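Okay, structure first, notes after.
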Amino acid sequence: MCVNMAQFENLLVVLFLSAVASSIVLVDANFSKSMYITWGYQHASLQGEDLQLVLDQTSGSAAQTKKAFLFGSIESQIKLVPGNSAGTVTAYYLSSTGSQHNEIDFEFLGNISGQPYIVHTNIYTQGNGSREQQFYLWFDPTADFHNYTIHWNPIEIVWYIDSIPIRVYRNYENEGIGFPNKQGMKVYTSLWNADDWATRGGVIKTNWSGAPFIARLNHFRARACKWNGAISINQCSLNIPANWWTSPTYKQLSYAQLGQLNWVRNNYMIYDYCRDTKRFNAQMPPECFKSQF
C-alpha cells in the first residue's frame, strides 16, 4: 500500500490524538472501585457509592484514589460530622508526594453544637502553602449531602460548593508565581483529630463522649486526565476537544458565576491570607497583587 506524505502526517496526528484521548479518564462513579482505605481500617467502610470515615479515640480514618490526575474536575457529595464536632477535621483534597509536593485543599473544621463549620481552603506549590482562605457556610453541612468540587486546569483552579464558586487561583507562573501544573495528584480524604488547632486555634478540645464521629461521602466523580508521568504535562494541557477543561468556558468565570463568588466572599469569607499584612510583615505574596477572577 502506497501512502503519501500528507496521509502519513495525518495518520501521525490521529495516532497522537488517540494517545491523548486514552489518558482522559472518567473514574467509575463508585468509591469502592476508585479508592481504597489507607488507615482506620477497623472502623471505616467503603462499599459501592458510599465511603464512611470514622474517628474515635483509637484512630481516625482515610482513603485515597488508586490513580493520580493532572487537570480536570474532582467532586464528591459529603455529609459532615453532626453535633459537637469541635476538634475534628474532615479533609478532601488533591496532593502529590514529597517535600516539593503540590496540593489543593478543602478542609472542614468542626465546631461546638450550634456554631458554624469553617471551610478551610489552601494551595501548595513546590511544597509551599500558606495561601489559606476560610469561609462559613450558608447551610447546615451536617443535615444532608452537599457537592464539593475542585476544578483544575492550566489557567486556574476553582473551588465550588453546590456549583457555587467560592475561590479562584489563577496561573501566573510566567511571572514567577507557583502553580500546580507539573505533578500528578491523587485524591485523598480523611477524618482526624486536630484539636491542637482546628477549633478557635486549639482552645476548644475534642469531646470524646460524642465519639464515634462519622463523616459520609458518596457519588465520587473524577472527570480528569490520568497522570502517566512527565508525558502527561503536555498531553493533559493541550487545547483539544478531549481535554474539555481547556475550553474557553473553563478559562474564566461567567458573569453569573462572578456574582455568586462575590456574594460568598462578601457574606461568608472570614479569612484571606492576602489581607493578613501582619502575618507577612507587609511583604505580601506576589499573587495577592494579581487579578484572580
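FYI, nothing fancy with the C-alpha cells labels: chains A, B, ... in order, residues from 1 per chain, ligands from 1 as they appear.
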
Inset, instruction - Compile the contact shell of Gln77 of chain A as an MDAnalysis selection string: residues with an atom at most 6 Å away, counting only C-alpha atoms, same-chain residues fewer than 5 positions apart removed. - result: chainID A and resid 145:147 217:219

Please identify the helix (DSSP H, G or I) residues within segment 120-225 of chain A (assignment by DSSP from backbone atoms) and present them as a CSV table (one decimal) with N, CA and C atoms, in the first residue's frame.
```
chain,number,residue,atom,x,y,z
A,173,GLU,N,2.4,31.6,36.5
A,173,GLU,CA,3.7,31.0,36.6
A,173,GLU,C,4.7,31.8,35.7
A,174,ASN,N,4.3,32.4,34.6
A,174,ASN,CA,5.2,33.1,33.8
A,174,ASN,C,5.7,34.4,34.5
A,175,GLU,N,5.2,34.7,35.6
A,175,GLU,CA,5.7,35.9,36.4
A,175,GLU,C,6.3,35.4,37.7
A,200,ARG,N,-11.1,27.3,67.1
A,200,ARG,CA,-10.6,28.5,67.9
A,200,ARG,C,-9.1,28.4,68.2
A,201,GLY,N,-8.3,28.0,67.3
A,201,GLY,CA,-6.9,27.9,67.4
A,201,GLY,C,-6.5,26.9,68.5
A,202,GLY,N,-7.3,25.9,68.7
A,202,GLY,CA,-7.0,24.8,69.7
A,202,GLY,C,-7.5,25.1,71.1
A,208,TRP,N,-14.7,13.6,73.5
A,208,TRP,CA,-14.7,12.2,73.1
A,208,TRP,C,-16.0,11.5,73.5
A,209,SER,N,-16.8,12.1,74.4
A,209,SER,CA,-18.0,11.5,74.8
A,209,SER,C,-19.0,11.4,73.6
A,210,GLY,N,-18.7,12.3,72.6
A,210,GLY,CA,-19.6,12.2,71.4
A,210,GLY,C,-19.1,11.3,70.4
```

Inset, instruction - Extract, using only C-alpha atoms, all DNA, RNA and protein residues at most 6 Å from Asp195 of chain A, discarding same-chain residues fewer than 4 positions from it, and format them as a PyMOL selection string. - result: chain A and resi 87+202+205-206

Legend entry - Length of the atom CA of Val168 of chain A to atom CA of Leu80 of chain A vector [Å]: 23.5 Å

Legend entry - Contact residues around Thr90 of chain A with only C-alpha atoms at 6 Å, ignoring same-chain residues under 4 positions, as an NGL selection string: :A and (107-108 or 190-191)

Inset, instruction - Identify which of the residues A:Lys186, A:Lys251, A:His151, A:His120 lies closest to Lys226 of chain A, counting only C-alpha atoms when measuring atom-to-atom distances. - result: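 That would be A:Lys186, the residue with the smallest distance to Lys226 of chain A.
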
Inset, instruction - Once DSSP has gone over the backbone, tell me which residues of segment 102-192 of chain A are in strand (DSSP E or B), as a PyMOL selection string. - result: chain A and resi 103-109+118-125+128+133-136+146-152+156-161+164-170+185-192

Inset, instruction - Tell me, in Å to one decimal, how far atom CA of Asp162 of chain A is from atom CA of Tyr148 of chain A. - result: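 Taking atom CA of Asp162 of chain A and atom CA of Tyr148 of chain A, their separation equals 6.4 Å.
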
Legend entry - Nearest-residue call for Thr189 of chain A, choices A:Gln64, A:Gln257, A:Thr121, A:Ser32, using only C-alpha atoms: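 Counting only C-alpha atoms, the residue closest to Thr189 of chain A is A:Gln64.
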
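Distances to Ser59 of chain A were evaluated for A:Asn193, A:Ser85, A:Ser237, A:Gln115 using only C-alpha atoms, and the minimum falls at A:Asn193.
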
Legend entry - Close residues, Tyr36 of chain A itself excluded, 12 Å, only C-alpha atoms, min 6 positions apart in chain, as number ranges by chain: A: 30, 44-48, 50-53, 61-67, 186-190
